[in-house]
Amino acid sequence: MSHAITFDTLAFAKKIESSGLESKHAESIAEAMRDVFEENLSASIFTKEDGRSLKAELKADISDLRSDTFKMKSEMIIWFVGLLFAQTAIIVSIVKFIH
């Protein structure tokens, strides 16, 4: 994600010069500010394309979660039915043993 931020170094330097700072110092400050914008701020801009990409990733993750939930639900039903049969077999065995 490389997005350029427009920073008018000349206008910035002139504003600093108008406050009484020497031209070479104003230019150095303006260059430093431009570097800060290029290095730090451009990496943190969230674009529409980033949003679309994130949306697609989230949709895929939600789909995976739904699939996993369905699979877990199916496994729980299988275990429940198996335990129900086991419990029924144990109760029938106990009743037969008592009579």
# chains A, B, ... in the order shown; residues from 1 in each chain; ligands from 1
$ select_by_dssp --residues "range 3-96 of chain A" --states "alpha helix (DSSP H)" --output "ChimeraX atom specification"
/A:9-18,23-36,48-96
$ write_last_selection --atoms "C-alpha atoms" --output "JSON list (two decimals), in the first residue's frame"
[["chain", "number", "residue", "atom", "x", "y", "z"],
["A", 9, "THR", "CA", 7.52, 22.01, 1.13],
["A", 10, "LEU", "CA", 8.01, 25.40, -0.55],
["A", 11, "ALA", "CA", 4.83, 26.89, 0.91],
["A", 12, "PHE", "CA", 5.65, 25.41, 4.32],
["A", 13, "ALA", "CA", 9.20, 26.81, 4.21],
["A", 14, "LYS", "CA", 7.90, 30.27, 3.22],
["A", 15, "LYS", "CA", 5.47, 30.26, 6.15],
["A", 16, "ILE", "CA", 8.31, 29.40, 8.52],
["A", 17, "GLU", "CA", 10.54, 32.07, 6.93],
["A", 18, "SER", "CA", 7.81, 34.66, 7.38],
["A", 23, "SER", "CA", 15.73, 30.23, 4.76],
["A", 24, "LYS", "CA", 18.10, 27.24, 5.09],
["A", 25, "HIS", "CA", 16.53, 26.27, 8.44],
["A", 26, "ALA", "CA", 13.03, 26.62, 7.06],
["A", 27, "GLU", "CA", 13.92, 24.43, 4.09],
["A", 28, "SER", "CA", 15.46, 21.78, 6.37],
["A", 29, "ILE", "CA", 12.35, 21.72, 8.55],
["A", 30, "ALA", "CA", 10.13, 21.45, 5.47],
["A", 31, "GLU", "CA", 12.18, 18.53, 4.12],
["A", 32, "ALA", "CA", 12.03, 16.81, 7.51],
["A", 33, "MET", "CA", 8.26, 17.25, 7.62],
["A", 34, "ARG", "CA", 7.94, 15.80, 4.12],
["A", 35, "ASP", "CA", 10.00, 12.78, 5.21],
["A", 36, "VAL", "CA", 7.75, 12.28, 8.23],
["A", 48, "LYS", "CA", -11.41, 1.79, -0.33],
["A", 49, "GLU", "CA", -9.35, -1.04, -1.78],
["A", 50, "ASP", "CA", -8.14, -1.94, 1.72],
["A", 51, "GLY", "CA", -11.78, -1.94, 2.82],
["A", 52, "ARG", "CA", -12.79, -4.22, -0.03],
["A", 53, "SER", "CA", -9.93, -6.58, 0.74],
["A", 54, "LEU", "CA", -10.80, -6.65, 4.43],
["A", 55, "LYS", "CA", -14.47, -7.24, 3.61],
["A", 56, "ALA", "CA", -13.58, -10.22, 1.41],
["A", 57, "GLU", "CA", -11.35, -11.68, 4.14],
["A", 58, "LEU", "CA", -14.08, -11.24, 6.75],
["A", 59, "LYS", "CA", -16.67, -12.89, 4.50],
["A", 60, "ALA", "CA", -14.35, -15.85, 4.02],
["A", 61, "ASP", "CA", -13.73, -16.09, 7.76],
["A", 62, "ILE", "CA", -17.45, -15.94, 8.52],
["A", 63, "SER", "CA", -18.10, -18.64, 5.95],
["A", 64, "ASP", "CA", -15.43, -20.82, 7.57],
["A", 65, "LEU", "CA", -16.96, -20.25, 11.00],
["A", 66, "ARG", "CA", -20.40, -21.20, 9.75],
["A", 67, "SER", "CA", -19.00, -24.35, 8.20],
["A", 68, "ASP", "CA", -17.15, -25.25, 11.40],
["A", 69, "THR", "CA", -20.26, -24.56, 13.49],
["A", 70, "PHE", "CA", -22.36, -26.82, 11.27],
["A", 71, "LYS", "CA", -19.75, -29.56, 11.51],
["A", 72, "MET", "CA", -19.60, -29.27, 15.31],
["A", 73, "LYS", "CA", -23.39, -29.29, 15.52],
["A", 74, "SER", "CA", -23.50, -32.49, 13.44],
["A", 75, "GLU", "CA", -20.86, -34.15, 15.62],
["A", 76, "MET", "CA", -22.76, -33.18, 18.79],
["A", 77, "ILE", "CA", -25.98, -34.70, 17.41],
["A", 78, "ILE", "CA", -24.13, -37.91, 16.57],
["A", 79, "TRP", "CA", -22.68, -38.08, 20.10],
["A", 80, "PHE", "CA", -26.06, -37.33, 21.64],
["A", 81, "VAL", "CA", -27.80, -40.07, 19.64],
["A", 82, "GLY", "CA", -24.99, -42.52, 20.49],
["A", 83, "LEU", "CA", -25.24, -41.71, 24.19],
["A", 84, "LEU", "CA", -29.02, -42.04, 24.01],
["A", 85, "PHE", "CA", -28.68, -45.55, 22.57],
["A", 86, "ALA", "CA", -26.03, -46.45, 25.16],
["A", 87, "GLN", "CA", -28.22, -45.19, 27.99],
["A", 88, "THR", "CA", -31.20, -47.11, 26.64],
["A", 89, "ALA", "CA", -29.10, -50.29, 26.39],
["A", 90, "ILE", "CA", -27.89, -49.86, 29.98],
["A", 91, "ILE", "CA", -31.43, -49.30, 31.30],
["A", 92, "VAL", "CA", -32.75, -52.33, 29.38],
["A", 93, "SER", "CA", -29.88, -54.46, 30.74],
["A", 94, "ILE", "CA", -30.55, -53.33, 34.31],
["A", 95, "VAL", "CA", -34.30, -54.04, 33.94],
["A", 96, "LYS", "CA", -33.58, -57.54, 32.50]]
